[in-house]
$ cat target_35.cif   # mmCIF, C-alpha atoms
data_query
loop_
_atom_site.label_atom_id
_atom_site.label_comp_id
_atom_site.auth_asym_id
_atom_site.auth_seq_id
_atom_site.Cartn_x
_atom_site.Cartn_y
_atom_site.Cartn_z
CA MET M 1 8.91 43.67 -214.86
CA ARG M 2 10.75 40.44 -214.20
CA ILE M 3 11.91 38.29 -217.09
CA ALA M 4 12.66 34.61 -216.40
CA LEU M 5 15.00 33.08 -218.95
CA LEU M 6 14.58 29.31 -218.84
CA GLY M 7 17.50 27.60 -220.50
CA GLY M 8 19.32 30.79 -219.62
CA THR M 9 22.67 29.01 -219.58
CA GLY M 10 22.52 28.55 -223.38
CA ALA M 11 23.61 30.95 -226.08
CA LEU M 12 20.22 32.47 -226.85
CA GLY M 13 19.09 32.74 -223.24
CA GLY M 14 22.46 34.13 -222.23
CA GLY M 15 22.47 36.58 -225.10
CA LEU M 16 19.03 37.88 -224.15
CA ALA M 17 20.09 38.15 -220.50
CA LEU M 18 23.16 40.21 -221.42
CA ARG M 19 21.26 42.46 -223.83
CA TRP M 20 18.37 43.11 -221.44
CA GLY M 21 20.87 43.41 -218.61
CA ARG M 22 22.68 46.19 -220.44
CA ASP M 23 19.85 47.86 -222.37
CA SER M 24 16.85 47.68 -220.01
CA GLN M 25 15.92 48.08 -216.36
CA HIS M 26 13.96 44.84 -216.06
CA ASP M 27 14.80 42.29 -213.40
CA LEU M 28 16.27 39.09 -214.80
CA VAL M 29 16.17 35.54 -213.52
CA ILE M 30 18.16 32.67 -215.03
CA GLY M 31 16.68 29.17 -215.08
CA SER M 32 18.32 25.86 -215.87
CA ARG M 33 17.57 22.20 -215.22
CA ASP M 34 20.52 22.31 -212.84
CA PRO M 35 20.19 25.23 -210.37
CA GLU M 36 23.94 25.24 -209.76
CA ARG M 37 24.61 25.80 -213.46
CA ALA M 38 21.95 28.54 -213.48
CA ARG M 39 23.70 30.36 -210.64
CA GLU M 40 27.08 29.94 -212.32
CA ALA M 41 25.85 31.38 -215.63
CA ALA M 42 24.07 34.23 -213.85
CA GLY M 43 27.32 35.07 -212.09
CA THR M 44 29.14 35.13 -215.42
CA TYR M 45 26.53 37.50 -216.86
CA GLU M 46 26.84 39.76 -213.81
CA ALA M 47 30.62 39.88 -214.35
CA ILE M 48 30.33 40.65 -218.08
CA LEU M 49 27.80 43.41 -217.37
CA ASP M 50 30.01 44.77 -214.61
CA GLY M 51 32.77 45.04 -217.23
CA GLN M 52 30.36 47.24 -219.20
CA GLY M 53 29.80 49.45 -216.18
CA VAL M 54 26.38 47.94 -215.43
CA GLU M 55 25.78 46.67 -211.92
CA ARG M 56 23.26 43.87 -211.92
CA SER M 57 22.16 41.22 -209.47
CA ILE M 58 20.94 38.20 -211.41
CA PRO M 59 19.73 35.15 -209.45
CA GLY M 60 19.76 31.62 -210.84
CA PHE M 61 17.26 28.82 -210.12
CA GLU M 62 16.03 25.49 -211.34
CA ASN M 63 13.72 26.17 -214.32
CA GLY M 64 10.46 25.66 -212.39
CA MET M 65 11.51 28.03 -209.63
CA ALA M 66 12.66 30.58 -212.19
CA ALA M 67 9.31 30.35 -213.99
CA GLU M 68 7.44 31.00 -210.71
CA ARG M 69 9.23 34.34 -210.54
CA GLY M 70 8.56 35.54 -214.10
CA ASP M 71 6.10 38.10 -215.40
CA VAL M 72 7.46 37.05 -218.78
CA VAL M 73 8.91 33.56 -219.11
CA VAL M 74 11.18 32.92 -222.11
CA LEU M 75 11.56 29.26 -223.10
CA ALA M 76 15.10 29.47 -224.40
CA VAL M 77 15.50 25.72 -224.07
CA SER M 78 16.47 23.29 -226.78
CA SER M 79 13.38 21.76 -228.36
CA ASP M 80 14.70 18.32 -227.32
CA HIS M 81 14.05 19.21 -223.70
CA LEU M 82 11.03 21.41 -224.24
CA SER M 83 8.30 18.92 -223.37
CA GLU M 84 10.12 17.85 -220.24
CA VAL M 85 10.65 21.47 -219.16
CA LEU M 86 7.04 22.38 -219.92
CA GLY M 87 5.74 19.46 -217.86
CA ASP M 88 7.71 20.78 -214.91
CA VAL M 89 7.11 24.48 -215.51
CA GLY M 90 3.49 24.63 -216.76
CA PRO M 91 1.73 24.15 -213.40
CA ARG M 92 4.09 26.61 -211.71
CA LEU M 93 3.57 29.57 -214.04
CA PRO M 94 2.11 32.66 -212.36
CA SER M 95 -1.50 32.99 -213.52
CA ASP M 96 -0.84 36.04 -215.70
CA ALA M 97 2.67 35.21 -216.91
CA ILE M 98 3.34 35.55 -220.62
CA VAL M 99 5.21 32.62 -222.12
CA VAL M 100 7.60 33.44 -224.96
CA THR M 101 8.76 30.71 -227.33
CA PRO M 102 11.86 31.20 -229.50
CA ALA M 103 12.51 27.46 -229.97
CA VAL M 104 12.55 25.61 -233.27
CA ASP M 105 12.66 21.96 -234.29
CA MET M 106 15.00 21.20 -237.16
CA GLU M 107 16.96 18.46 -238.86
CA SER M 108 20.42 18.62 -240.31
CA GLY M 109 20.89 17.59 -243.94
CA GLU M 110 23.93 17.55 -246.19
CA ASN M 111 23.58 21.02 -247.68
CA ARG M 112 20.92 22.49 -245.49
CA MET M 113 18.95 22.55 -242.31
CA THR M 114 15.25 21.80 -242.59
CA TYR M 115 12.29 22.66 -240.44
CA ALA M 116 10.94 19.56 -238.71
CA PRO M 117 8.03 20.68 -236.56
CA PRO M 118 6.47 18.46 -233.88
CA THR M 119 3.15 16.70 -234.53
CA GLN M 120 1.27 19.73 -233.20
CA GLY M 121 2.44 21.62 -236.33
CA SER M 122 4.87 24.01 -234.67
CA VAL M 123 6.83 24.38 -231.47
CA ALA M 124 4.52 27.25 -230.54
CA ALA M 125 1.49 24.96 -230.92
CA LEU M 126 3.19 22.37 -228.71
CA VAL M 127 3.82 25.04 -226.07
CA ARG M 128 0.21 26.22 -226.34
CA GLU M 129 -0.98 22.65 -225.77
CA GLU M 130 1.19 22.01 -222.74
CA ILE M 131 0.74 25.11 -220.60
CA PRO M 132 -2.41 26.42 -218.90
CA ALA M 133 -4.88 28.18 -221.23
CA ARG M 134 -4.76 31.32 -219.07
CA ASN M 135 -1.11 31.98 -219.97
CA PRO M 136 -0.72 33.70 -223.33
CA VAL M 137 1.89 32.29 -225.70
CA VAL M 138 3.94 34.64 -227.87
CA GLY M 139 6.54 33.60 -230.45
CA ALA M 140 9.64 35.78 -230.76
CA PHE M 141 13.44 35.79 -231.08
CA HIS M 142 13.62 32.82 -233.51
CA THR M 143 15.92 34.56 -235.96
CA LEU M 144 18.40 36.12 -233.56
CA PRO M 145 21.96 34.86 -234.08
CA ALA M 146 22.76 33.67 -230.58
CA ASP M 147 26.53 34.06 -230.81
CA ARG M 148 26.29 37.67 -231.94
CA LEU M 149 23.67 38.34 -229.28
CA GLN M 150 26.11 37.14 -226.63
CA SER M 151 28.92 39.42 -227.80
CA LEU M 152 27.91 42.79 -226.46
CA GLU M 153 30.41 44.56 -228.69
CA GLU M 154 28.41 43.33 -231.72
CA SER M 155 25.85 45.89 -232.79
CA LEU M 156 22.58 44.43 -233.95
CA ASP M 157 20.64 45.80 -236.89
CA MET M 158 17.78 43.35 -237.31
CA HIS M 159 14.14 42.54 -236.84
CA THR M 160 12.52 39.88 -234.77
CA LEU M 161 9.10 38.60 -235.84
CA VAL M 162 6.48 38.39 -233.11
CA PHE M 163 3.32 36.33 -233.32
CA GLY M 164 0.50 35.21 -231.08
CA ASP M 165 -3.22 35.35 -230.37
CA ASP M 166 -3.25 37.76 -227.41
CA GLU M 167 -2.75 41.38 -228.45
CA ALA M 168 -1.80 42.73 -225.04
CA ALA M 169 0.79 39.98 -224.58
CA ILE M 170 2.20 40.61 -228.04
CA GLU M 171 2.55 44.32 -227.32
CA ARG M 172 4.32 43.58 -224.04
CA VAL M 173 6.82 41.29 -225.76
CA ARG M 174 7.34 43.77 -228.60
CA SER M 175 8.04 46.47 -226.07
CA LEU M 176 10.59 44.27 -224.26
CA ALA M 177 12.27 43.25 -227.51
CA GLY M 178 12.40 46.85 -228.70
CA GLU M 179 14.37 47.83 -225.61
CA ILE M 180 17.33 45.84 -226.92
CA ASN M 181 19.53 48.25 -228.88
CA GLY M 182 19.37 47.60 -232.60
CA LEU M 183 16.46 45.19 -232.41
CA GLU M 184 13.15 46.07 -234.04
CA THR M 185 9.97 44.01 -234.10
CA LEU M 186 7.41 43.20 -236.75
CA LEU M 187 4.05 41.55 -236.21
CA ALA M 188 3.85 38.17 -237.91
CA GLY M 189 0.18 37.38 -237.29
CA PRO M 190 -1.59 34.75 -235.20
CA LEU M 191 -0.11 31.70 -233.50
CA GLU M 192 -1.14 29.53 -236.45
CA ASN M 193 1.48 31.43 -238.45
CA ALA M 194 4.23 29.92 -236.29
CA PRO M 195 5.55 27.52 -238.97
CA ALA M 196 6.37 30.40 -241.33
CA VAL M 197 8.44 32.09 -238.63
CA GLU M 198 9.97 29.03 -237.00
CA SER M 199 11.16 27.79 -240.40
CA LEU M 200 13.29 30.93 -240.79
CA THR M 201 15.79 29.58 -238.28
CA PRO M 202 16.89 26.58 -240.38
CA LEU M 203 16.86 28.82 -243.48
CA LEU M 204 19.20 31.35 -241.85
CA LEU M 205 21.48 28.51 -240.75
CA THR M 206 21.46 27.10 -244.30
CA LEU M 207 22.35 30.53 -245.70
CA GLY M 208 25.15 30.84 -243.17
CA GLN M 209 26.56 27.43 -244.17
CA GLN M 210 26.17 27.94 -247.90
CA ASN M 211 27.74 31.40 -247.95
CA ASN M 212 30.22 30.98 -245.15
CA THR M 213 28.50 33.83 -243.31
CA PRO M 214 27.54 32.51 -239.88
CA GLY M 215 25.40 34.63 -237.60
CA LEU M 216 23.11 36.19 -240.21
CA GLY M 217 20.32 38.34 -238.84
CA LEU M 218 17.05 39.12 -240.54
CA LYS M 219 16.20 42.66 -241.58
CA LEU M 220 13.11 43.71 -243.52
CA THR M 221 13.73 46.84 -245.53
CA ASP M 222 11.07 49.21 -246.80
CA MET G 223 23.64 37.75 -272.94
CA ARG G 224 19.95 37.85 -273.71
CA ILE G 225 17.38 37.63 -270.95
CA ALA G 226 13.84 36.58 -271.87
CA LEU G 227 11.26 37.73 -269.34
CA LEU G 228 8.17 35.56 -269.72
CA GLY G 229 5.19 37.19 -268.08
CA GLY G 230 7.14 40.36 -268.65
CA THR G 231 3.98 42.46 -268.67
CA GLY G 232 3.47 41.83 -264.93
CA ALA G 233 4.92 43.74 -262.03
CA LEU G 234 7.87 41.44 -261.28
CA GLY G 235 8.81 40.85 -264.92
CA GLY G 236 8.44 44.53 -265.69
CA GLY G 237 10.46 45.51 -262.66
CA LEU G 238 13.30 43.18 -263.65
CA ALA G 239 13.18 44.50 -267.23
CA LEU G 240 13.47 48.10 -266.03
CA ARG G 241 16.25 47.35 -263.57
CA TRP G 242 18.32 45.29 -266.03
CA GLY G 243 17.49 47.82 -268.71
CA ARG G 244 18.98 50.60 -266.63
CA ASP G 245 21.72 48.77 -264.68
CA SER G 246 23.12 46.24 -267.19
CA GLN G 247 24.07 45.86 -270.83
CA HIS G 248 22.18 42.62 -271.43
CA ASP G 249 19.65 42.34 -274.23
CA LEU G 250 16.09 42.00 -272.99
CA VAL G 251 13.07 40.31 -274.53
CA ILE G 252 9.55 40.58 -273.14
CA GLY G 253 7.20 37.60 -273.39
CA SER G 254 3.48 37.39 -272.76
CA ARG G 255 0.66 35.05 -273.69
CA ASP G 256 -0.58 37.85 -275.94
CA PRO G 257 2.24 39.12 -278.20
CA GLU G 258 0.49 42.46 -278.65
CA ARG G 259 0.50 43.04 -274.89
CA ALA G 260 4.17 42.02 -274.80
CA ARG G 261 5.05 44.64 -277.44
CA GLU G 262 2.99 47.27 -275.65
CA ALA G 263 4.69 46.63 -272.30
CA ALA G 264 8.12 46.56 -273.96
CA GLY G 265 7.36 49.96 -275.52
CA THR G 266 6.41 51.33 -272.13
CA TYR G 267 9.69 50.07 -270.64
CA GLU G 268 11.64 51.64 -273.50
CA ALA G 269 9.91 54.96 -272.81
CA ILE G 270 10.56 54.80 -269.05
CA LEU G 271 14.21 53.96 -269.65
CA ASP G 272 14.47 56.75 -272.23
CA GLY G 273 13.26 59.10 -269.48
CA GLN G 274 16.27 57.91 -267.47
CA GLY G 275 18.60 58.68 -270.35
CA VAL G 276 18.95 55.02 -271.33
CA GLU G 277 18.29 54.13 -274.93
CA ARG G 278 17.04 50.59 -275.24
CA SER G 279 15.36 48.53 -277.92
CA ILE G 280 13.21 45.88 -276.25
CA PRO G 281 11.20 43.53 -278.45
CA GLY G 282 8.03 41.76 -277.33
CA PHE G 283 6.80 38.30 -278.34
CA GLU G 284 4.42 35.54 -277.39
CA ASN G 285 6.01 33.62 -274.48
CA GLY G 286 7.21 30.67 -276.57
CA MET G 287 8.91 32.90 -279.13
CA ALA G 288 10.47 34.97 -276.35
CA ALA G 289 11.80 31.77 -274.72
CA GLU G 290 13.41 30.70 -278.01
CA ARG G 291 15.50 33.87 -277.86
CA GLY G 292 16.72 33.59 -274.27
CA ASP G 293 20.09 32.56 -272.88
CA VAL G 294 18.38 33.02 -269.55
CA VAL G 295 14.60 32.59 -269.38
CA VAL G 296 12.82 34.07 -266.36
CA LEU G 297 9.40 32.58 -265.61
CA ALA G 298 7.82 35.71 -264.15
CA VAL G 299 4.36 34.29 -264.73
CA SER G 300 1.64 33.80 -262.16
CA SER G 301 1.71 30.26 -260.80
CA ASP G 302 -1.89 29.83 -262.02
CA HIS G 303 -0.65 29.94 -265.62
CA LEU G 304 2.70 28.31 -265.04
CA SER G 305 1.87 24.78 -266.19
CA GLU G 306 0.19 26.09 -269.32
CA VAL G 307 3.16 28.34 -270.11
CA LEU G 308 5.65 25.56 -269.44
CA GLY G 309 3.83 23.19 -271.76
CA ASP G 310 4.16 25.76 -274.52
CA VAL G 311 7.66 26.94 -273.68
CA GLY G 312 9.46 23.77 -272.58
CA PRO G 313 10.05 22.24 -276.04
CA ARG G 314 11.14 25.59 -277.45
CA LEU G 315 13.88 26.38 -274.93
CA PRO G 316 17.37 26.70 -276.45
CA SER G 317 19.33 23.62 -275.43
CA ASP G 318 21.60 25.49 -273.04
CA ALA G 319 19.14 28.08 -271.75
CA ILE G 320 18.96 28.57 -267.99
CA VAL G 321 15.44 28.71 -266.61
CA VAL G 322 14.87 30.98 -263.62
CA THR G 323 11.82 30.53 -261.41
CA PRO G 324 10.68 33.33 -259.09
CA ALA G 325 7.06 32.08 -258.85
CA VAL G 326 5.28 31.00 -255.68
CA ASP G 327 1.99 29.28 -254.93
CA MET G 328 0.07 30.76 -252.04
CA GLU G 329 -3.33 31.05 -250.45
CA SER G 330 -4.91 34.05 -248.85
CA GLY G 331 -6.19 33.69 -245.29
CA GLU G 332 -7.80 36.15 -242.92
CA ASN G 333 -4.68 37.42 -241.19
CA ARG G 334 -2.00 35.97 -243.39
CA MET G 335 -0.85 34.51 -246.65
CA THR G 336 0.24 30.89 -246.56
CA TYR G 337 2.51 28.86 -248.77
CA ALA G 338 0.53 26.31 -250.77
CA PRO G 339 3.00 24.45 -252.97
CA PRO G 340 1.92 22.22 -255.83
CA THR G 341 1.95 18.43 -255.45
CA GLN G 342 5.56 18.33 -256.66
CA GLY G 343 6.53 20.00 -253.35
CA SER G 344 7.52 23.39 -254.73
CA VAL G 345 7.03 25.53 -257.80
CA ALA G 346 10.69 24.93 -258.64
CA ALA G 347 10.12 21.15 -258.55
CA LEU G 348 7.14 21.58 -260.87
CA VAL G 349 9.29 23.59 -263.28
CA ARG G 350 12.05 20.98 -263.07
CA GLU G 351 9.52 18.27 -263.93
CA GLU G 352 8.04 20.08 -266.92
CA ILE G 353 11.07 21.31 -268.85
CA PRO G 354 13.80 19.31 -270.59
CA ALA G 355 16.42 17.83 -268.24
CA ARG G 356 19.22 19.58 -270.18
CA ASN G 357 17.98 23.03 -269.07
CA PRO G 358 19.18 23.94 -265.58
CA VAL G 359 16.58 25.39 -263.21
CA VAL G 360 17.56 28.15 -260.79
CA GLY G 361 15.30 29.74 -258.20
CA ALA G 362 15.70 33.48 -257.59
CA PHE G 363 13.87 36.80 -257.11
CA HIS G 364 11.09 35.36 -254.90
CA THR G 365 11.39 38.03 -252.25
CA LEU G 366 11.66 41.12 -254.42
CA PRO G 367 8.84 43.60 -253.84
CA ALA G 368 7.55 43.99 -257.39
CA ASP G 369 6.07 47.46 -256.96
CA ARG G 370 9.30 48.89 -255.60
CA LEU G 371 11.26 47.11 -258.31
CA GLN G 372 9.14 48.86 -260.94
CA SER G 373 9.74 52.32 -259.49
CA LEU G 374 13.24 53.14 -260.64
CA GLU G 375 13.50 56.02 -258.17
CA GLU G 376 13.25 53.46 -255.33
CA SER G 377 16.66 52.36 -254.18
CA LEU G 378 16.92 48.71 -253.27
CA ASP G 379 18.91 47.45 -250.33
CA MET G 380 18.14 43.77 -250.21
CA HIS G 381 19.17 40.22 -250.88
CA THR G 382 17.73 37.66 -253.19
CA LEU G 383 18.21 34.00 -252.36
CA VAL G 384 19.41 31.80 -255.21
CA PHE G 385 19.11 28.01 -255.27
CA GLY G 386 19.59 25.19 -257.71
CA ASP G 387 21.52 22.04 -258.55
CA ASP G 388 23.78 23.38 -261.34
CA GLU G 389 26.65 25.47 -260.03
CA ALA G 390 27.52 27.19 -263.30
CA ALA G 391 23.89 28.18 -263.85
CA ILE G 392 23.61 29.46 -260.29
CA GLU G 393 26.71 31.59 -260.73
CA ARG G 394 25.37 33.04 -263.97
CA VAL G 395 22.09 34.01 -262.31
CA ARG G 396 23.89 35.44 -259.29
CA SER G 397 26.01 37.51 -261.58
CA LEU G 398 22.95 38.83 -263.45
CA ALA G 399 21.12 39.58 -260.21
CA GLY G 400 24.15 41.33 -258.77
CA GLU G 401 24.19 43.75 -261.69
CA ILE G 402 20.97 45.29 -260.40
CA ASN G 403 21.93 48.23 -258.20
CA GLY G 404 21.28 47.52 -254.53
CA LEU G 405 20.59 43.83 -255.01
CA GLU G 406 22.89 41.23 -253.46
CA THR G 407 22.60 37.47 -253.68
CA LEU G 408 23.01 34.64 -251.20
CA LEU G 409 23.21 30.95 -252.00
CA ALA G 410 20.28 29.04 -250.56
CA GLY G 411 21.37 25.50 -251.39
CA PRO G 412 20.02 22.84 -253.73
CA LEU G 413 16.70 22.82 -255.56
CA GLU G 414 15.16 20.66 -252.85
CA ASN G 415 15.48 23.72 -250.61
CA ALA G 416 12.93 25.56 -252.74
CA PRO G 417 10.08 25.37 -250.17
CA ALA G 418 12.12 27.29 -247.58
CA VAL G 419 12.72 30.11 -250.07
CA GLU G 420 9.37 30.11 -251.83
CA SER G 421 7.56 30.31 -248.49
CA LEU G 422 9.27 33.64 -247.79
CA THR G 423 7.00 35.38 -250.28
CA PRO G 424 3.75 34.76 -248.37
CA LEU G 425 5.59 35.58 -245.12
CA LEU G 426 6.76 38.96 -246.46
CA LEU G 427 3.21 39.68 -247.66
CA THR G 428 1.84 38.74 -244.23
CA LEU G 429 4.35 41.04 -242.55
CA GLY G 430 3.38 43.83 -244.94
CA GLN G 431 -0.32 43.36 -244.13
CA GLN G 432 0.15 43.01 -240.38
CA ASN G 433 2.43 46.02 -240.02
CA ASN G 434 0.99 48.20 -242.74
CA THR G 435 4.38 48.18 -244.46
CA PRO G 436 3.84 46.95 -248.01
CA GLY G 437 6.83 46.26 -250.20
CA LEU G 438 9.17 44.80 -247.60
CA GLY G 439 12.46 43.49 -248.93
CA LEU G 440 14.65 40.87 -247.33
CA LYS G 441 18.11 41.73 -246.07
CA LEU G 442 20.44 39.41 -244.19
CA THR G 443 22.78 41.30 -241.93
CA ASP G 444 26.08 40.01 -240.62
#

$ encode --input "target_35.cif" --output "structure tokens"
Amino acid sequence: MRIALLGGTGALGGGLALRWGRDSQHDLVIGSRDPERAREAAGTYEAILDGQGVERSIPGFENGMAAERGDVVVLAVSSDHLSEVLGDVGPRLPSDAIVVTPAVDMESGENRMTYAPPTQGSVAALVREEIPARNPVVGAFHTLPADRLQSLEESLDMHTLVFGDDEAAIERVRSLAGEINGLETLLAGPLENAPAVESLTPLLLTLGQQNNTPGLGLKLTD
Amino acid sequence: MRIALLGGTGALGGGLALRWGRDSQHDLVIGSRDPERAREAAGTYEAILDGQGVERSIPGFENGMAAERGDVVVLAVSSDHLSEVLGDVGPRLPSDAIVVTPAVDMESGENRMTYAPPTQGSVAALVREEIPARNPVVGAFHTLPADRLQSLEESLDMHTLVFGDDEAAIERVRSLAGEINGLETLLAGPLENAPAVESLTPLLLTLGQQNNTPGLGLKLTD
């Protein structure tokens, strides 16, 4: 399977690239608005993985070209740029590509971050509205601490919550997520449940600020 | 210190009574709308604790009388009865009593539970509105799985998120919570952050339903 990481030059996209690069066999493609920056980041990831004894060839492209190459397309772009990226990428998605949204809209307050979803009700609903109906949308990776994800020496011990309306697509994303060492998945229900999951990101950031514990991950214990 | 558990006949109140009964030295008082039911539940807790080798005398009262006896008053009542209980209890709170709110308003949907806060914006804001301004309000214990809390053989390994506007009160509640074996606390900011914390309860219930894993607890890993 080929995973296209749009916004793959950022911390979350880069972290996922490094983790999948080390822990899975899937082909990876890095996308960015600037293809030169995509290629540069991809080269950095190749070098880091090489340092871990993993030989990887990771190409970089402009986001739209990266999306054309993805069986699974992860929208690891800042929500500020999401609509712009989706306008470019939507028509170029392969007809059966799964679109994964980890993005969140939030506002910064004095003592806390707050969830500030777009008018559609959630970032996932915005994504659903802007891409072709044939492409399933799955939410995942919202609660991953990007900085820890990027440091391969950091061991993860956390869950990611996965939601969506297409069962086969959800299972595919859960399987991909579960290949990352230390990452487990839990089903979080249908796409309409997106606000409950997306709002965890500002909460985790608030907890990190308030307790001076940046990089908190979410774990559900039973 | 004396902890008054209003709604102490329910699963959360009972669980907290058993845990503090076993793990701390604080005096406990059980409140209920029906004083007879309060005494009955308190007797059951005494017997369970006796079975653990812990001798405890736990009195039971009608909620208002229990509140009069509390240095810390935990509102472990269902949100349906909260306004009624607060109307009764508010004027009878000791002038320096700390009021702790673990309650959440939610609605049950087909595939999920959703957060459905009162018009004040959160249950904590409702509590703040209905009790005297001199009594600090602290939110805590929203994410504790009540059934596991009640089973003393279950070991906990989880966080509870604590929020409020009065630092001394927050520290007192954190200290009490931290005396329960396996329970750690994290600061979640000011009272206005209540919706982010209260909405975790329906999310945890949704995750339990969706994954057939009831009784999930929240743990933040760093």

$ closest_residue --input "target_35.cif" --among "G:Val294, G:Glu351, G:Val326, G:Glu284" --to "Ser397 (chain G)" --atoms "only C-alpha atoms"
G:Val294

$ residues_around --input "target_35.cif" --residues "Gly236 (chain G)" --least-positions-apart "2" --cutoff "9 Å" --atoms "only C-alpha atoms" --output "list in words"
Leu227, Gly229, Gly230, Thr231, Gly232, Ala233, Leu234, Leu238, Ala239, Leu240, Arg241, Ile252, Ala263, Ala264, Tyr267, Ala298, Ala368, Leu371 and Gln372 of chain G

$ write_last_selection --input "target_35.cif" --atoms "C-alpha atoms" --output "compact mmCIF listing (two decimals), keeping the file's coordinate frame"
# COMPACT_ATOMS: atom_id res chain seq x y z
CA LEU G 227 11.26 37.73 -269.34
CA GLY G 229 5.19 37.19 -268.08
CA GLY G 230 7.14 40.36 -268.65
CA THR G 231 3.98 42.46 -268.67
CA GLY G 232 3.47 41.83 -264.93
CA ALA G 233 4.92 43.74 -262.03
CA LEU G 234 7.87 41.44 -261.28
CA LEU G 238 13.30 43.18 -263.65
CA ALA G 239 13.18 44.50 -267.23
CA LEU G 240 13.47 48.10 -266.03
CA ARG G 241 16.25 47.35 -263.57
CA ILE G 252 9.55 40.58 -273.14
CA ALA G 263 4.69 46.63 -272.30
CA ALA G 264 8.12 46.56 -273.96
CA TYR G 267 9.69 50.07 -270.64
CA ALA G 298 7.82 35.71 -264.15
CA ALA G 368 7.55 43.99 -257.39
CA LEU G 371 11.26 47.11 -258.31
CA GLN G 372 9.14 48.86 -260.94

$ interface_residues --input "target_35.cif" --of "chain G" --to "chain M" --cutoff "7 Å" --atoms "all atoms listed in the file" --output "list of chain:residue names"
G:Asn333, G:Arg334, G:Leu408, G:Leu409, G:Ala410, G:Gly411, G:Ala418, G:Leu425, G:Thr428, G:Leu429, G:Gln432, G:Asn433, G:Gly437, G:Leu438, G:Gly439, G:Leu440, G:Lys441, G:Leu442, G:Thr443, G:Asp444

$ write_last_selection --input "target_35.cif" --atoms "C-alpha atoms" --output "mmCIF file, in the frame of the given file"
data_model
loop_
_atom_site.group_PDB
_atom_site.id
_atom_site.type_symbol
_atom_site.label_atom_id
_atom_site.label_comp_id
_atom_site.auth_asym_id
_atom_site.auth_seq_id
_atom_site.Cartn_x
_atom_site.Cartn_y
_atom_site.Cartn_z
ATOM 1 C CA ASN G 333 -4.680 37.420 -241.190
ATOM 2 C CA ARG G 334 -2.000 35.970 -243.390
ATOM 3 C CA LEU G 408 23.010 34.640 -251.200
ATOM 4 C CA LEU G 409 23.210 30.950 -252.000
ATOM 5 C CA ALA G 410 20.280 29.040 -250.560
ATOM 6 C CA GLY G 411 21.370 25.500 -251.390
ATOM 7 C CA ALA G 418 12.120 27.290 -247.580
ATOM 8 C CA LEU G 425 5.590 35.580 -245.120
ATOM 9 C CA THR G 428 1.840 38.740 -244.230
ATOM 10 C CA LEU G 429 4.350 41.040 -242.550
ATOM 11 C CA GLN G 432 0.150 43.010 -240.380
ATOM 12 C CA ASN G 433 2.430 46.020 -240.020
ATOM 13 C CA GLY G 437 6.830 46.260 -250.200
ATOM 14 C CA LEU G 438 9.170 44.800 -247.600
ATOM 15 C CA GLY G 439 12.460 43.490 -248.930
ATOM 16 C CA LEU G 440 14.650 40.870 -247.330
ATOM 17 C CA LYS G 441 18.110 41.730 -246.070
ATOM 18 C CA LEU G 442 20.440 39.410 -244.190
ATOM 19 C CA THR G 443 22.780 41.300 -241.930
ATOM 20 C CA ASP G 444 26.080 40.010 -240.620
#

$ atom_distance --input "target_35.cif" --atom1 "CA of Ile402 (chain G)" --atom2 "CA of Phe283 (chain G)"
23.9 Å

$ atom_distance --input "target_35.cif" --atom1 "CA of His26 (chain M)" --atom2 "CA of Leu176 (chain M)"
8.9 Å

$ atom_distance --input "target_35.cif" --atom1 "CA of Glu198 (chain M)" --atom2 "CA of Ser79 (chain M)"
11.8 Å

$ resolve_selection --input "target_35.cif" --expression "the PyMOL selection byres ((chain G and resi 304-306) around 10)" --output "PDB file with C-alpha atoms, in the frame of the given file"
ATOM      1  CA  GLY G 229       5.190  37.190-268.080  1.00  0.00           C
ATOM      2  CA  ARG G 255       0.660  35.050-273.690  1.00  0.00           C
ATOM      3  CA  LEU G 297       9.400  32.580-265.610  1.00  0.00           C
ATOM      4  CA  ALA G 298       7.820  35.710-264.150  1.00  0.00           C
ATOM      5  CA  VAL G 299       4.360  34.290-264.730  1.00  0.00           C
ATOM      6  CA  SER G 300       1.640  33.800-262.160  1.00  0.00           C
ATOM      7  CA  SER G 301       1.710  30.260-260.800  1.00  0.00           C
ATOM      8  CA  ASP G 302      -1.890  29.830-262.020  1.00  0.00           C
ATOM      9  CA  HIS G 303      -0.650  29.940-265.620  1.00  0.00           C
ATOM     10  CA  VAL G 307       3.160  28.340-270.110  1.00  0.00           C
ATOM     11  CA  LEU G 308       5.650  25.560-269.440  1.00  0.00           C
ATOM     12  CA  GLY G 309       3.830  23.190-271.760  1.00  0.00           C
ATOM     13  CA  ASP G 310       4.160  25.760-274.520  1.00  0.00           C
ATOM     14  CA  VAL G 311       7.660  26.940-273.680  1.00  0.00           C
ATOM     15  CA  GLY G 312       9.460  23.770-272.580  1.00  0.00           C
ATOM     16  CA  ALA G 325       7.060  32.080-258.850  1.00  0.00           C
ATOM     17  CA  VAL G 345       7.030  25.530-257.800  1.00  0.00           C
ATOM     18  CA  LEU G 348       7.140  21.580-260.870  1.00  0.00           C
ATOM     19  CA  VAL G 349       9.290  23.590-263.280  1.00  0.00           C
ATOM     20  CA  GLU G 352       8.040  20.080-266.920  1.00  0.00           C
TER      21      GLU G 352
END

$ resolve_selection --input "target_35.cif" --expression "the PyMOL selection byres ((chain G and resi 387) around 10)" --output "list in words"
Pro358, Val359, Val360, Gly361, Phe385, Gly386, Asp388, Glu389, Ala390, Ala391, Ile392, Gly411, Pro412, Leu413 and Glu414 of chain G

$ resolve_selection --input "target_35.cif" --expression "the PyMOL selection byres ((chain M and resi 134) around 10)" --output "ChimeraX atom specification"
/M:93-98,131-133,135-137
